[in-house]
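Student: Got data_3.txt for you, compact mmCIF, N, CA and C atoms:
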```txt
# COMPACT_ATOMS: atom_id res chain seq x y z
N MET A 29 -174.85 95.81 6.64
CA MET A 29 -174.25 95.09 7.75
C MET A 29 -172.77 94.93 7.47
N GLY A 30 -171.96 95.33 8.43
CA GLY A 30 -170.53 95.20 8.27
C GLY A 30 -169.97 94.12 9.17
N GLN A 31 -168.80 93.65 8.78
CA GLN A 31 -168.10 92.66 9.58
C GLN A 31 -167.45 93.36 10.77
N VAL A 32 -167.61 92.80 11.96
CA VAL A 32 -166.99 93.33 13.16
C VAL A 32 -165.91 92.34 13.58
N GLU A 33 -164.76 92.87 13.99
CA GLU A 33 -163.65 92.00 14.38
C GLU A 33 -163.01 92.51 15.67
N ALA A 34 -162.73 91.59 16.57
CA ALA A 34 -162.03 91.90 17.81
C ALA A 34 -160.86 90.93 17.95
N THR A 35 -159.66 91.47 18.15
CA THR A 35 -158.46 90.63 18.28
C THR A 35 -157.71 90.99 19.55
N THR A 36 -157.26 89.97 20.25
CA THR A 36 -156.46 90.14 21.46
C THR A 36 -155.32 89.14 21.39
N GLU A 37 -154.15 89.53 21.88
CA GLU A 37 -153.06 88.57 21.93
C GLU A 37 -152.25 88.77 23.19
N ARG A 38 -151.56 87.70 23.60
CA ARG A 38 -150.75 87.74 24.81
C ARG A 38 -149.68 86.66 24.70
N ILE A 39 -148.52 86.96 25.25
CA ILE A 39 -147.49 85.95 25.41
C ILE A 39 -147.77 85.27 26.75
N VAL A 40 -147.88 83.94 26.72
CA VAL A 40 -148.15 83.18 27.94
C VAL A 40 -147.01 82.20 28.19
N THR A 41 -146.87 81.85 29.45
CA THR A 41 -145.86 80.88 29.85
C THR A 41 -146.33 79.49 29.47
N GLY A 42 -145.44 78.72 28.89
CA GLY A 42 -145.78 77.35 28.52
C GLY A 42 -145.44 77.06 27.08
N LYS A 43 -145.08 75.81 26.82
CA LYS A 43 -144.80 75.38 25.46
C LYS A 43 -146.09 75.42 24.65
N PRO A 44 -146.00 75.74 23.36
CA PRO A 44 -147.22 75.86 22.53
C PRO A 44 -148.15 74.66 22.63
N GLU A 45 -147.60 73.43 22.64
CA GLU A 45 -148.47 72.26 22.69
C GLU A 45 -149.22 72.18 24.02
N ASP A 46 -148.58 72.61 25.11
CA ASP A 46 -149.25 72.59 26.42
C ASP A 46 -150.32 73.68 26.51
N VAL A 47 -150.01 74.84 25.96
CA VAL A 47 -150.97 75.95 25.96
C VAL A 47 -152.17 75.59 25.10
N PHE A 48 -151.91 75.02 23.93
CA PHE A 48 -153.00 74.60 23.04
C PHE A 48 -153.86 73.54 23.72
N ASP A 49 -153.22 72.56 24.35
CA ASP A 49 -153.97 71.50 25.03
C ASP A 49 -154.87 72.08 26.12
N ALA A 50 -154.38 73.09 26.83
CA ALA A 50 -155.20 73.73 27.88
C ALA A 50 -156.42 74.41 27.26
N LEU A 51 -156.22 75.13 26.17
CA LEU A 51 -157.34 75.80 25.50
C LEU A 51 -158.35 74.80 24.94
N ALA A 52 -157.84 73.68 24.42
CA ALA A 52 -158.70 72.68 23.78
C ALA A 52 -159.42 71.79 24.78
N ASP A 53 -159.05 71.88 26.06
CA ASP A 53 -159.67 71.07 27.11
C ASP A 53 -160.92 71.79 27.61
N TYR A 54 -162.04 71.53 26.95
CA TYR A 54 -163.30 72.20 27.28
C TYR A 54 -163.97 71.60 28.51
N ARG A 55 -163.55 70.43 28.96
CA ARG A 55 -164.15 69.80 30.14
C ARG A 55 -163.57 70.34 31.44
N GLU A 56 -162.25 70.40 31.55
CA GLU A 56 -161.61 70.75 32.82
C GLU A 56 -161.02 72.16 32.83
N THR A 57 -160.14 72.44 31.87
CA THR A 57 -159.38 73.69 31.92
C THR A 57 -160.20 74.90 31.49
N ARG A 58 -160.88 74.81 30.36
CA ARG A 58 -161.56 75.99 29.83
C ARG A 58 -162.53 76.61 30.82
N PRO A 59 -163.34 75.84 31.56
CA PRO A 59 -164.26 76.48 32.51
C PRO A 59 -163.54 77.32 33.56
N ARG A 60 -162.32 76.90 33.95
CA ARG A 60 -161.56 77.66 34.95
C ARG A 60 -161.03 78.99 34.40
N LEU A 61 -160.92 79.08 33.09
CA LEU A 61 -160.36 80.28 32.46
C LEU A 61 -161.40 81.36 32.20
N LEU A 62 -162.67 81.00 32.21
CA LEU A 62 -163.71 81.92 31.78
C LEU A 62 -163.97 83.03 32.79
N PRO A 63 -163.96 84.28 32.33
CA PRO A 63 -164.31 85.41 33.20
C PRO A 63 -165.81 85.39 33.54
N GLN A 64 -166.22 86.29 34.39
CA GLN A 64 -167.59 86.33 34.90
C GLN A 64 -168.65 86.57 33.83
N GLN A 65 -168.27 87.04 32.66
CA GLN A 65 -169.24 87.30 31.60
C GLN A 65 -169.81 86.01 31.00
N PHE A 66 -169.19 84.88 31.31
CA PHE A 66 -169.65 83.59 30.80
C PHE A 66 -170.43 82.87 31.90
N SER A 67 -171.58 82.31 31.54
CA SER A 67 -172.38 81.55 32.51
C SER A 67 -173.04 80.37 31.80
N GLU A 68 -173.66 79.50 32.59
CA GLU A 68 -174.37 78.33 32.09
C GLU A 68 -173.52 77.48 31.15
N TYR A 69 -172.24 77.35 31.50
CA TYR A 69 -171.28 76.60 30.70
C TYR A 69 -171.60 75.11 30.72
N GLU A 70 -171.62 74.49 29.54
CA GLU A 70 -171.93 73.06 29.46
C GLU A 70 -171.32 72.45 28.20
N VAL A 71 -170.56 71.39 28.38
CA VAL A 71 -170.05 70.64 27.24
C VAL A 71 -171.15 69.66 26.83
N ARG A 72 -171.57 69.74 25.58
CA ARG A 72 -172.67 68.89 25.11
C ARG A 72 -172.19 67.69 24.30
N GLU A 73 -171.04 67.84 23.66
CA GLU A 73 -170.44 66.72 22.91
C GLU A 73 -168.94 66.85 23.02
N GLY A 74 -168.25 65.72 23.02
CA GLY A 74 -166.79 65.74 23.04
C GLY A 74 -166.26 66.35 24.32
N GLY A 75 -165.38 67.31 24.15
CA GLY A 75 -164.79 67.98 25.29
C GLY A 75 -163.31 68.26 25.12
N ASP A 76 -162.71 67.67 24.07
CA ASP A 76 -161.30 67.90 23.81
C ASP A 76 -161.10 68.27 22.35
N GLY A 77 -161.10 69.57 22.08
CA GLY A 77 -160.81 70.06 20.73
C GLY A 77 -161.84 69.67 19.69
N GLU A 78 -161.33 69.24 18.53
CA GLU A 78 -162.15 68.90 17.36
C GLU A 78 -163.37 68.07 17.74
N GLY A 79 -164.55 68.50 17.26
CA GLY A 79 -165.77 67.77 17.49
C GLY A 79 -166.52 68.16 18.76
N THR A 80 -165.92 69.02 19.56
CA THR A 80 -166.59 69.46 20.79
C THR A 80 -167.75 70.39 20.43
N VAL A 81 -168.83 70.26 21.17
CA VAL A 81 -169.95 71.20 21.10
C VAL A 81 -170.13 71.70 22.53
N VAL A 82 -170.05 73.02 22.71
CA VAL A 82 -170.11 73.61 24.04
C VAL A 82 -171.12 74.76 24.04
N HIS A 83 -171.81 74.89 25.16
CA HIS A 83 -172.81 75.95 25.32
C HIS A 83 -172.39 76.88 26.43
N TRP A 84 -172.67 78.18 26.26
CA TRP A 84 -172.56 79.14 27.35
C TRP A 84 -173.40 80.35 27.03
N LYS A 85 -173.68 81.11 28.05
CA LYS A 85 -174.30 82.42 27.86
C LYS A 85 -173.19 83.44 28.07
N PHE A 86 -173.16 84.42 27.19
CA PHE A 86 -172.12 85.44 27.22
C PHE A 86 -172.78 86.79 27.41
N GLN A 87 -172.46 87.45 28.51
CA GLN A 87 -173.04 88.75 28.81
C GLN A 87 -172.01 89.83 28.51
N ALA A 88 -172.12 90.38 27.30
CA ALA A 88 -171.16 91.39 26.85
C ALA A 88 -171.37 92.73 27.55
N THR A 89 -172.61 93.06 27.82
CA THR A 89 -172.94 94.30 28.53
C THR A 89 -174.03 93.97 29.54
N SER A 90 -174.40 94.94 30.35
CA SER A 90 -175.43 94.68 31.36
C SER A 90 -176.78 94.33 30.72
N LYS A 91 -177.00 94.74 29.48
CA LYS A 91 -178.28 94.50 28.82
C LYS A 91 -178.24 93.44 27.73
N ARG A 92 -177.04 93.04 27.32
CA ARG A 92 -176.95 92.14 26.17
C ARG A 92 -176.35 90.80 26.58
N VAL A 93 -177.15 89.74 26.41
CA VAL A 93 -176.70 88.38 26.70
C VAL A 93 -176.87 87.55 25.44
N ARG A 94 -175.81 86.87 25.02
CA ARG A 94 -175.87 85.98 23.86
C ARG A 94 -175.92 84.54 24.34
N ASP A 95 -176.81 83.76 23.77
CA ASP A 95 -176.88 82.33 24.03
C ASP A 95 -176.05 81.66 22.95
N CYS A 96 -174.90 81.10 23.33
CA CYS A 96 -173.95 80.57 22.36
C CYS A 96 -173.91 79.05 22.38
N LEU A 97 -173.93 78.44 21.22
CA LEU A 97 -173.76 77.01 21.06
C LEU A 97 -172.68 76.83 20.01
N LEU A 98 -171.50 76.44 20.45
CA LEU A 98 -170.32 76.47 19.59
C LEU A 98 -169.84 75.10 19.18
N GLU A 99 -169.52 74.99 17.89
CA GLU A 99 -168.90 73.79 17.33
C GLU A 99 -167.41 74.09 17.21
N VAL A 100 -166.58 73.17 17.69
CA VAL A 100 -165.14 73.38 17.69
C VAL A 100 -164.49 72.54 16.59
N SER A 101 -163.58 73.19 15.85
CA SER A 101 -162.78 72.47 14.87
C SER A 101 -161.31 72.83 15.06
N GLU A 102 -160.45 71.99 14.51
CA GLU A 102 -159.00 72.22 14.53
C GLU A 102 -158.49 72.12 13.10
N PRO A 103 -158.61 73.20 12.32
CA PRO A 103 -158.25 73.12 10.91
C PRO A 103 -156.74 73.05 10.65
N ALA A 104 -155.93 73.45 11.64
CA ALA A 104 -154.47 73.44 11.48
C ALA A 104 -153.83 73.24 12.85
N ASP A 105 -152.57 72.84 12.86
CA ASP A 105 -151.86 72.70 14.12
C ASP A 105 -151.86 74.03 14.86
N GLY A 106 -152.17 73.98 16.14
CA GLY A 106 -152.15 75.19 16.96
C GLY A 106 -153.34 76.11 16.74
N GLN A 107 -154.39 75.62 16.10
CA GLN A 107 -155.53 76.50 15.83
C GLN A 107 -156.85 75.81 16.21
N LEU A 108 -157.66 76.54 16.97
CA LEU A 108 -159.01 76.12 17.33
C LEU A 108 -159.98 77.13 16.74
N ILE A 109 -161.06 76.65 16.16
CA ILE A 109 -162.10 77.56 15.67
C ILE A 109 -163.41 77.17 16.33
N GLU A 110 -164.07 78.18 16.92
CA GLU A 110 -165.37 78.00 17.56
C GLU A 110 -166.41 78.74 16.73
N LYS A 111 -167.33 78.00 16.12
CA LYS A 111 -168.40 78.60 15.31
C LYS A 111 -169.70 78.50 16.08
N ASP A 112 -170.33 79.64 16.29
CA ASP A 112 -171.59 79.69 17.03
C ASP A 112 -172.74 79.30 16.11
N ARG A 113 -173.49 78.27 16.51
CA ARG A 113 -174.66 77.85 15.72
C ARG A 113 -175.79 78.87 15.81
N ASN A 114 -175.77 79.73 16.83
CA ASN A 114 -176.86 80.67 17.06
C ASN A 114 -176.62 82.07 16.50
N SER A 115 -175.47 82.29 15.89
CA SER A 115 -175.17 83.62 15.34
C SER A 115 -174.08 83.49 14.28
N SER A 116 -173.62 84.62 13.80
CA SER A 116 -172.56 84.63 12.79
C SER A 116 -171.17 84.65 13.43
N MET A 117 -171.09 84.61 14.77
CA MET A 117 -169.80 84.75 15.44
C MET A 117 -168.91 83.52 15.24
N VAL A 118 -167.66 83.81 14.89
CA VAL A 118 -166.62 82.80 14.76
C VAL A 118 -165.41 83.30 15.55
N THR A 119 -164.91 82.46 16.45
CA THR A 119 -163.74 82.82 17.24
C THR A 119 -162.62 81.86 16.91
N THR A 120 -161.46 82.42 16.57
CA THR A 120 -160.29 81.64 16.20
C THR A 120 -159.19 81.85 17.24
N TRP A 121 -158.69 80.76 17.78
CA TRP A 121 -157.59 80.76 18.73
C TRP A 121 -156.36 80.21 18.02
N THR A 122 -155.26 80.95 18.02
CA THR A 122 -154.03 80.51 17.38
C THR A 122 -152.89 80.56 18.38
N VAL A 123 -152.20 79.43 18.53
CA VAL A 123 -151.08 79.33 19.47
C VAL A 123 -149.82 79.05 18.67
N THR A 124 -148.79 79.90 18.84
CA THR A 124 -147.51 79.75 18.16
C THR A 124 -146.37 79.93 19.16
N PRO A 125 -145.17 79.42 18.83
CA PRO A 125 -144.03 79.60 19.72
C PRO A 125 -143.67 81.08 19.86
N ALA A 126 -143.17 81.44 21.05
CA ALA A 126 -142.75 82.83 21.30
C ALA A 126 -141.48 82.84 22.14
N GLY A 127 -140.55 81.95 21.82
CA GLY A 127 -139.32 81.86 22.58
C GLY A 127 -139.36 80.69 23.54
N GLU A 128 -138.27 80.50 24.25
CA GLU A 128 -138.12 79.37 25.16
C GLU A 128 -139.21 79.32 26.23
N GLY A 129 -140.03 78.27 26.19
CA GLY A 129 -141.05 78.08 27.21
C GLY A 129 -142.17 79.09 27.18
N LYS A 130 -142.36 79.76 26.05
CA LYS A 130 -143.41 80.77 25.93
C LYS A 130 -144.20 80.55 24.64
N SER A 131 -145.43 81.04 24.65
CA SER A 131 -146.30 80.92 23.48
C SER A 131 -147.04 82.23 23.25
N ARG A 132 -147.30 82.51 22.00
CA ARG A 132 -148.14 83.65 21.64
C ARG A 132 -149.53 83.09 21.36
N VAL A 133 -150.52 83.64 22.04
CA VAL A 133 -151.90 83.23 21.82
C VAL A 133 -152.64 84.43 21.24
N VAL A 134 -153.24 84.24 20.08
CA VAL A 134 -154.03 85.28 19.43
C VAL A 134 -155.46 84.76 19.34
N VAL A 135 -156.39 85.57 19.80
CA VAL A 135 -157.81 85.21 19.71
C VAL A 135 -158.51 86.30 18.91
N THR A 136 -159.23 85.88 17.87
CA THR A 136 -159.94 86.81 17.01
C THR A 136 -161.38 86.35 16.88
N SER A 137 -162.31 87.25 17.16
CA SER A 137 -163.73 86.98 16.96
C SER A 137 -164.25 87.89 15.86
N THR A 138 -165.03 87.32 14.96
CA THR A 138 -165.66 88.10 13.90
C THR A 138 -167.14 87.76 13.88
N TRP A 139 -167.95 88.73 13.49
CA TRP A 139 -169.38 88.52 13.34
C TRP A 139 -169.94 89.60 12.45
N THR A 140 -171.14 89.36 11.95
CA THR A 140 -171.83 90.33 11.13
C THR A 140 -172.55 91.30 12.06
N GLY A 141 -172.17 92.56 11.98
CA GLY A 141 -172.72 93.57 12.88
C GLY A 141 -174.06 94.12 12.41
N ALA A 142 -174.65 94.88 13.29
CA ALA A 142 -175.93 95.52 13.00
C ALA A 142 -175.73 96.65 11.98
N THR A 143 -176.83 97.15 11.47
CA THR A 143 -176.79 98.28 10.54
C THR A 143 -177.11 99.57 11.29
N GLY A 144 -176.97 100.67 10.61
CA GLY A 144 -177.37 101.97 11.15
C GLY A 144 -176.52 102.41 12.32
N ILE A 145 -177.10 103.25 13.15
CA ILE A 145 -176.38 103.83 14.28
C ILE A 145 -175.98 102.75 15.28
N GLY A 146 -176.84 101.74 15.47
CA GLY A 146 -176.50 100.63 16.36
C GLY A 146 -175.26 99.89 15.87
N GLY A 147 -175.16 99.72 14.57
CA GLY A 147 -174.01 99.07 13.98
C GLY A 147 -172.74 99.90 14.15
N PHE A 148 -172.88 101.22 14.04
CA PHE A 148 -171.73 102.10 14.26
C PHE A 148 -171.19 101.92 15.68
N PHE A 149 -172.09 101.94 16.66
CA PHE A 149 -171.66 101.78 18.04
C PHE A 149 -171.08 100.39 18.30
N GLU A 150 -171.69 99.39 17.67
CA GLU A 150 -171.18 98.03 17.83
C GLU A 150 -169.77 97.91 17.28
N ARG A 151 -169.53 98.44 16.07
CA ARG A 151 -168.20 98.37 15.46
C ARG A 151 -167.19 99.19 16.25
N THR A 152 -167.65 100.25 16.92
CA THR A 152 -166.76 101.13 17.67
C THR A 152 -166.41 100.56 19.04
N PHE A 153 -167.39 100.06 19.77
CA PHE A 153 -167.18 99.71 21.17
C PHE A 153 -167.07 98.20 21.45
N ALA A 154 -167.75 97.37 20.69
CA ALA A 154 -167.74 95.93 20.98
C ALA A 154 -166.34 95.32 20.91
N PRO A 155 -165.51 95.66 19.91
CA PRO A 155 -164.17 95.07 19.88
C PRO A 155 -163.34 95.39 21.12
N LYS A 156 -163.45 96.60 21.63
CA LYS A 156 -162.67 96.97 22.82
C LYS A 156 -163.17 96.21 24.04
N GLY A 157 -164.48 96.09 24.20
CA GLY A 157 -165.04 95.36 25.32
C GLY A 157 -164.68 93.89 25.27
N LEU A 158 -164.79 93.30 24.09
CA LEU A 158 -164.46 91.89 23.93
C LEU A 158 -162.96 91.67 24.16
N ALA A 159 -162.13 92.59 23.71
CA ALA A 159 -160.69 92.48 23.93
C ALA A 159 -160.37 92.45 25.43
N ARG A 160 -161.04 93.26 26.22
CA ARG A 160 -160.81 93.27 27.68
C ARG A 160 -161.19 91.92 28.29
N ILE A 161 -162.31 91.37 27.85
CA ILE A 161 -162.77 90.09 28.37
C ILE A 161 -161.78 88.98 28.00
N TYR A 162 -161.35 88.95 26.74
CA TYR A 162 -160.40 87.92 26.32
C TYR A 162 -159.03 88.12 26.95
N ASP A 163 -158.65 89.36 27.24
CA ASP A 163 -157.38 89.59 27.91
C ASP A 163 -157.41 88.98 29.32
N GLU A 164 -158.55 89.09 29.98
CA GLU A 164 -158.70 88.46 31.30
C GLU A 164 -158.60 86.93 31.18
N LEU A 165 -159.24 86.36 30.16
CA LEU A 165 -159.16 84.93 29.94
C LEU A 165 -157.71 84.51 29.67
N LEU A 166 -157.00 85.27 28.87
CA LEU A 166 -155.61 84.93 28.54
C LEU A 166 -154.70 85.07 29.77
N ALA A 167 -154.99 86.01 30.65
CA ALA A 167 -154.23 86.13 31.89
C ALA A 167 -154.43 84.88 32.75
N LYS A 168 -155.66 84.38 32.81
CA LYS A 168 -155.94 83.15 33.55
C LYS A 168 -155.25 81.96 32.89
N LEU A 169 -155.21 81.94 31.55
CA LEU A 169 -154.51 80.89 30.83
C LEU A 169 -153.02 80.90 31.18
N ASP A 170 -152.44 82.09 31.22
CA ASP A 170 -151.02 82.23 31.57
C ASP A 170 -150.76 81.66 32.97
N ALA A 171 -151.61 81.99 33.92
CA ALA A 171 -151.46 81.47 35.28
C ALA A 171 -151.61 79.94 35.29
N GLU A 172 -152.53 79.43 34.50
CA GLU A 172 -152.80 77.99 34.44
C GLU A 172 -151.60 77.22 33.85
N THR A 173 -151.03 77.73 32.76
CA THR A 173 -149.96 77.01 32.07
C THR A 173 -148.59 77.26 32.68
N ALA A 174 -148.47 78.25 33.55
CA ALA A 174 -147.18 78.55 34.20
C ALA A 174 -146.90 77.56 35.33
N GLN A 175 -147.92 76.82 35.77
CA GLN A 175 -147.76 75.90 36.91
C GLN A 175 -146.91 74.71 36.54
```
Show how you would write the structure in this file as structure tokens.
Tutor:
Amino acid sequence: MGQVEATTERIVTGKPEDVFDALADYRETRPRLLPQQFSEYEVREGGDGEGTVVHWKFQATSKRVRDCLLEVSEPADGQLIEKDRNSSMVTTWTVTPAGEGKSRVVVTSTWTGATGIGGFFERTFAPKGLARIYDELLAKLDAETAQ
């Protein structure tokens, strides 16, 4: 089993603290940012950054749906980590300054992939598919924080 990693980044409009606050707002803002691959979204504990527990179903492909239950932590300024209780997936969101009124948002997901030929295809195609989904989310974040 190999580690699979998918990383996406985008420069978004907004000061880093405002962009981070939008990402960390799991009650109001985050649901508006989610692309169609996310369903059954529910905040189960907290709702603002550290200590939040959130549930969603993630449909990566037409045949594959993951039931995700994520614990959120904030180990450093400008960083959110979502650890899935139901799998090995960990998603890290990092927000840093990128010039006047702009922020760089980097999202990286890692998980333990399958073995054999299935694992080969997962390592080859899953990062690209996940990158497209997160790019859509980051575009919505940019629109949200530009207001």
Student: Skip region 77-93 of chain A itself and residues of its chain fewer than 5 positions away, then list as a ChimeraX atom specification all residues within 6.5 Å of it, counting all atoms listed in the file.
Tutor: /A:52-54,65-72,98-102
Student: Could you find all residues in region 30-145 of chain A that DSSP calls strand (DSSP E) from the backbone, and write them as JSON, numbers by chain?
Tutor: {"A": [31, 32, 33, 34, 35, 36, 37, 38, 39, 40, 41, 66, 67, 68, 69, 70, 71, 72, 73, 81, 82, 83, 84, 85, 86, 87, 93, 94, 95, 96, 97, 98, 99, 100, 101, 102, 103, 104, 107, 108, 109, 110, 111, 112, 118, 119, 120, 121, 122, 123, 124, 125, 130, 131, 132, 133, 134, 135, 136, 137, 138, 139, 140]}
Student: Per residue of region 33-144 of chain A within 5 Å of region 156-174 of chain A, which atom pair is closest and at what distance in Å (one decimal), using only N, CA and C atoms, listed by chain and increasing number, as a Markdown table?
Tutor:
```
| residue | atom | partner | partner_atom | distance |
| --- | --- | --- | --- | --- |
| A:Val40 | CA | A:Asp170 | CA | 4.7 |
| A:Thr41 | C | A:Thr173 | C | 4.5 |
| A:Leu61 | C | A:Leu165 | CA | 4.8 |
```
Student: Suppose we keep N, CA and C atoms; can you now write the selection as a tab-separated table (two decimals), in the coordinates of the input?
Tutor:
```tsv
chain	number	residue	atom	x	y	z
A	40	VAL	N	-147.88	83.94	26.72
A	40	VAL	CA	-148.15	83.18	27.94
A	40	VAL	C	-147.01	82.20	28.19
A	41	THR	N	-146.87	81.85	29.45
A	41	THR	CA	-145.86	80.88	29.85
A	41	THR	C	-146.33	79.49	29.47
A	61	LEU	N	-160.92	79.08	33.09
A	61	LEU	CA	-160.36	80.28	32.46
A	61	LEU	C	-161.40	81.36	32.20
```
Student: Quick one: of A:Leu62, A:Trp139, A:Asp112, A:Gly42, who's nearest to Gly30 (chain A), counting all atoms listed in the file?
Tutor: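 Looking only at the distances to Gly30 (chain A), the closest residue turns out to be A:Trp139.
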Student: How many Å lie between CA of Asp95 (chain A) and CA of Thr120 (chain A), rounded to one decimal?
Tutor: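 Taking CA of Asp95 (chain A) as the start and CA of Thr120 (chain A) as the end point, the length is 18.4 Å.
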Student: Tell me, in Å to one decimal, how far CA of Asp76 (chain A) is from atom C of Val47 (chain A).
Tutor: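 Straight-line distance from CA of Asp76 (chain A) to atom C of Val47 (chain A) works out to 12.0 Å.
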Student: Mind checking which residues fall within 5 Å of Arg113 (chain A), counting only N, CA and C atoms, ignoring those fewer than 2 positions away in the same chain, and posting them as an mmCIF file with N, CA and C atoms, in the frame of the given file?
Tutor:
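Result file is part09.cif:
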```
data_model
loop_
_atom_site.group_PDB
_atom_site.id
_atom_site.type_symbol
_atom_site.label_atom_id
_atom_site.label_comp_id
_atom_site.auth_asym_id
_atom_site.auth_seq_id
_atom_site.Cartn_x
_atom_site.Cartn_y
_atom_site.Cartn_z
ATOM 1 N N LEU A 97 -173.930 78.440 21.220
ATOM 2 C CA LEU A 97 -173.760 77.010 21.060
ATOM 3 C C LEU A 97 -172.680 76.830 20.010
ATOM 4 N N LEU A 98 -171.500 76.440 20.450
ATOM 5 C CA LEU A 98 -170.320 76.470 19.590
ATOM 6 C C LEU A 98 -169.840 75.100 19.180
ATOM 7 N N LYS A 111 -167.330 78.000 16.120
ATOM 8 C CA LYS A 111 -168.400 78.600 15.310
ATOM 9 C C LYS A 111 -169.700 78.500 16.080
ATOM 10 N N SER A 115 -175.470 82.290 15.890
ATOM 11 C CA SER A 115 -175.170 83.620 15.340
ATOM 12 C C SER A 115 -174.080 83.490 14.280
#
```
Student: Could you work out how far CA of Pro63 (chain A) lies from CA of Phe48 (chain A), giving the answer in Å with one decimal?
Tutor: 18.7 Å
Student: Which residue out of A:Gly106, A:Trp121, A:Val135, A:Thr140 has the minimum interatomic distance to Pro44 (chain A) when all atoms listed in the file are used?
Tutor: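 Smallest separation from Pro44 (chain A) among the options: A:Gly106.
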Student: Apply DSSP to the backbone of this structure and, from region 44-148 of chain A, keep only the residues in alpha helix (DSSP H); write these as a PyMOL selection string.
Tutor: chain A and resi 44-52+57-61+144-148
Student: With all heavy atoms as the goal, would you fill in the gaps in region 102-107 of chain A and present it as a PDB file, in the coordinates of the input?
Tutor:
```
ATOM      1  N   GLU A 102    -160.450  71.990  14.510  1.00  0.00           N
ATOM      2  CA  GLU A 102    -159.000  72.220  14.530  1.00  0.00           C
ATOM      3  C   GLU A 102    -158.490  72.120  13.100  1.00  0.00           C
ATOM      4  O   GLU A 102    -157.966  71.092  12.700  1.00  0.00           O
ATOM      5  CB  GLU A 102    -158.304  71.188  15.421  1.00  0.00           C
ATOM      6  CG  GLU A 102    -158.628  71.284  16.880  1.00  0.00           C
ATOM      7  CD  GLU A 102    -157.853  70.268  17.722  1.00  0.00           C
ATOM      8  OE1 GLU A 102    -156.707  69.920  17.374  1.00  0.00           O
ATOM      9  OE2 GLU A 102    -158.413  69.814  18.731  1.00  0.00           O
ATOM     10  N   PRO A 103    -158.610  73.200  12.320  1.00  0.00           N
ATOM     11  CA  PRO A 103    -158.250  73.120  10.910  1.00  0.00           C
ATOM     12  C   PRO A 103    -156.740  73.050  10.650  1.00  0.00           C
ATOM     13  O   PRO A 103    -156.317  72.648   9.581  1.00  0.00           O
ATOM     14  CB  PRO A 103    -158.831  74.409  10.328  1.00  0.00           C
ATOM     15  CG  PRO A 103    -158.881  75.343  11.488  1.00  0.00           C
ATOM     16  CD  PRO A 103    -159.162  74.487  12.685  1.00  0.00           C
ATOM     17  N   ALA A 104    -155.930  73.450  11.640  1.00  0.00           N
ATOM     18  CA  ALA A 104    -154.470  73.440  11.480  1.00  0.00           C
ATOM     19  C   ALA A 104    -153.830  73.240  12.850  1.00  0.00           C
ATOM     20  O   ALA A 104    -154.475  73.468  13.876  1.00  0.00           O
ATOM     21  CB  ALA A 104    -153.998  74.760  10.861  1.00  0.00           C
ATOM     22  N   ASP A 105    -152.570  72.840  12.860  1.00  0.00           N
ATOM     23  CA  ASP A 105    -151.860  72.700  14.120  1.00  0.00           C
ATOM     24  C   ASP A 105    -151.860  74.030  14.860  1.00  0.00           C
ATOM     25  O   ASP A 105    -151.613  75.083  14.256  1.00  0.00           O
ATOM     26  CB  ASP A 105    -150.405  72.274  13.881  1.00  0.00           C
ATOM     27  CG  ASP A 105    -150.287  70.798  13.523  1.00  0.00           C
ATOM     28  OD1 ASP A 105    -151.272  70.058  13.672  1.00  0.00           O
ATOM     29  OD2 ASP A 105    -149.192  70.398  13.081  1.00  0.00           O
ATOM     30  N   GLY A 106    -152.170  73.980  16.140  1.00  0.00           N
ATOM     31  CA  GLY A 106    -152.150  75.190  16.960  1.00  0.00           C
ATOM     32  C   GLY A 106    -153.340  76.110  16.740  1.00  0.00           C
ATOM     33  O   GLY A 106    -153.307  77.268  17.173  1.00  0.00           O
ATOM     34  N   GLN A 107    -154.390  75.620  16.100  1.00  0.00           N
ATOM     35  CA  GLN A 107    -155.530  76.500  15.830  1.00  0.00           C
ATOM     36  C   GLN A 107    -156.850  75.810  16.210  1.00  0.00           C
ATOM     37  O   GLN A 107    -157.106  74.671  15.819  1.00  0.00           O
ATOM     38  CB  GLN A 107    -155.563  76.875  14.355  1.00  0.00           C
ATOM     39  CG  GLN A 107    -156.576  77.962  14.037  1.00  0.00           C
ATOM     40  CD  GLN A 107    -156.444  78.430  12.606  1.00  0.00           C
ATOM     41  OE1 GLN A 107    -156.686  77.668  11.681  1.00  0.00           O
ATOM     42  NE2 GLN A 107    -156.047  79.670  12.436  1.00  0.00           N
TER      43      GLN A 107
END
```
